[in-house]
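**Q** Input: one structure, supplied below.
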Amino acid sequence: VVRKLIDAAACAAIREAFELEVKTYRGFLYRQTTARAERNRFNPLGHVMNPLLNLQDLDPQRFARLRQRALQAFTAPAVTAALRRQFGEDPKLVQTMYFEGNSATWAHQDTYYLDSEHIGSMVAAWFALEDIHPGAGRFFIYPRSHLIDVRKNGGDFDIAFHHDRYKSLVLEIIRRNGLKLRAPALEAGDVLFWSAKTVHGSLGTLQTIRTRQSLT
């Protein structure tokens, strides 16, 4: 976790752009959960529950502010420098998301779903756009889980036919190795980096809690 890597004013500007451009939009946008174009789906508290996928591909006319401000955060000098130290070269942006509401995400590795040419070398980042309330669905990781060779997508664990088998295997790996869950407190501007091989997810949201706005 790198504290205050993004300026608080920049975080507020991104949240404002999402409120003005996305929450008022009645059309279809690509979503992270289903990889399909869908209209906004709101919970009873008015939070968008189907997160956006690939903000860099948003219409630059209709969503100009959100697209520009999000890309400025993703490519901020401090972020680029942190990733350059990890890679030894300039990073490349592959996929982005925007979460407002949160309904929990199962424990998984990113490498099962996408990775770089050299499997296991991709790095992901979670940008907190507001102070994340403990009951708002905190991001969690299992430290040192990246050292364990979990099965890859294919064969008996093919995502198209045996996704549930993979999800059960991850839980068994956690139990068998005695891995300990960590859900660090994150405030606006904090960024959490993790390996594509690290087991992670997000905790469920209490229905009385406000949003949990973040970028990945």
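Ligands are numbered from 1 in the order shown, residues from 1 within each chain, and chains are lettered A, B, ... in the order they appear in the structure tokens.
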Please provide as a list of chain:residue names all residues within 9 Å of A:Met122, with the sequence filter that same-chain residues fewer than 3 positions apart are discarded (counting only C-alpha atoms).

**A**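 Counting only the stated atoms, we get A:Asp110, A:Thr111, A:Leu114, A:Asp115, A:Ser116, A:Glu117, A:His118, A:Ile119, A:Trp194, A:Ser195, A:Ala196, A:Lys197.
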
**Q** List the neighbours of A:Trp106 out to 9 Å using only C-alpha atoms; skip same-chain residues closer than 5 positions along the sequence, and give me the result as a PyMOL selection string.

**A** chain A and resi 167+200-203

**Q** From the options A:Val94, A:Ala185, A:Leu129, A:Leu5, which residue's atoms come nearest to A:Ala81, counting only C-alpha atoms?

**A**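 For A:Ala81, the nearest of the given residues is A:Leu5.
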
**Q** Residues of stretch 45-129 of chain A classed as strand (DSSP E) by DSSP on the backbone are to be reported as an MDAnalysis selection string.

**A** chainID A and resid 52:53 97:99 105:108 123:128

**Q** Would you give me, as a PyMOL selection string, the residues in chain A that DSSP reads as helix (DSSP H, G or I)?

**A** chain A and resi 8-22+55-57+64-74+77-87+110-112+145-147+155-157+163-176

**Q** Which residue gives the smallest distance to A:Gly46 among A:Glu100, A:Thr34, A:Gln72, A:Glu16, with only C-alpha atoms counted?

**A**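 Checking each of A:Glu100, A:Thr34, A:Gln72, A:Glu16 against A:Gly46, counting only C-alpha atoms, the winner is A:Glu100.
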
**Q** Could you tell me which of A:Gly178, A:Pro77, A:Gly88, A:Pro184 comes closest to A:Phe140 if we count only C-alpha atoms?

**A** A:Pro184

**Q** Pick from A:Val79, A:Val123, A:Leu93, A:Ala136: nearest to A:Asp7, with only C-alpha atoms counted?

**A**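 That would be A:Val79, the residue with the smallest distance to A:Asp7.
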
**Q** Expressed in Å to a single decimal, how great is the separation between atom CA of A:Thr75 and atom CA of A:Ala17?

**A**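 Between atom CA of A:Thr75 and atom CA of A:Ala17 the gap is 17.6 Å.
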
**Q** Quick one: residues within 8 Å of A:Val199, only C-alpha atoms, excluding same-chain residues fewer than 3 positions away - as a ChimeraX atom specification?

**A** /A:107-110,141-143,145-146,170

**Q** May I ask which of the residues A:Leu171, A:Ala35, A:Met97, A:Ala104 is the closest one to A:Gln56, counting only C-alpha atoms?

**A** A:Met97

**Q** Which residues are near A:Arg41? Cut-off 10 Å, only C-alpha atoms, ignore same chain within fewer than 2 positions. Put them as a PyMOL selection string.

**A** chain A and resi 23+38-39+43+46-51+101

**Q** Take the selection from the previous step and output its residues with N, CA and C atoms, as a compact mmCIF listing (two decimals), in the first residue's frame.

**A**
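Listed below is the output, again-v4.txt:
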```
# COMPACT_ATOMS: atom_id res chain seq x y z
N LYS A 23 -23.83 8.36 -13.83
CA LYS A 23 -25.05 8.05 -13.07
C LYS A 23 -26.30 8.65 -13.72
N GLU A 38 -24.47 -2.82 -20.60
CA GLU A 38 -25.68 -2.79 -19.78
C GLU A 38 -26.00 -1.37 -19.36
N ARG A 39 -27.26 -1.12 -19.03
CA ARG A 39 -27.63 0.14 -18.40
C ARG A 39 -27.22 0.10 -16.92
N ASN A 43 -28.67 0.05 -6.60
CA ASN A 43 -29.22 -0.59 -5.41
C ASN A 43 -30.16 0.39 -4.71
N GLY A 46 -29.08 3.92 -4.20
CA GLY A 46 -28.74 4.75 -5.35
C GLY A 46 -27.33 4.58 -5.87
N HIS A 47 -26.63 3.51 -5.47
CA HIS A 47 -25.27 3.26 -5.93
C HIS A 47 -25.29 2.36 -7.16
N VAL A 48 -24.46 2.66 -8.13
CA VAL A 48 -24.34 1.83 -9.33
C VAL A 48 -23.63 0.52 -8.95
N MET A 49 -24.31 -0.61 -9.20
CA MET A 49 -23.80 -1.89 -8.74
C MET A 49 -23.09 -2.68 -9.83
N ASN A 50 -23.21 -2.27 -11.09
CA ASN A 50 -22.47 -2.96 -12.15
C ASN A 50 -21.31 -2.08 -12.60
N PRO A 51 -20.10 -2.40 -12.12
CA PRO A 51 -18.94 -1.54 -12.34
C PRO A 51 -18.58 -1.41 -13.82
N GLY A 101 -20.82 0.99 -6.01
CA GLY A 101 -21.34 0.03 -5.06
C GLY A 101 -20.53 -1.26 -5.13
```

**Q** Which is closest to A:Tyr30 among A:Cys11, A:Val191, A:Leu52, A:Leu45, if we use only C-alpha atoms?

**A** A:Leu52

**Q** Skip A:Ile132 itself and residues of its chain fewer than 2 positions away, then list as a VMD selection string all residues within 10 Å of it, counting only C-alpha atoms.

**A** chain A and resid 128 to 130 134 to 139 184 to 188 210 to 214
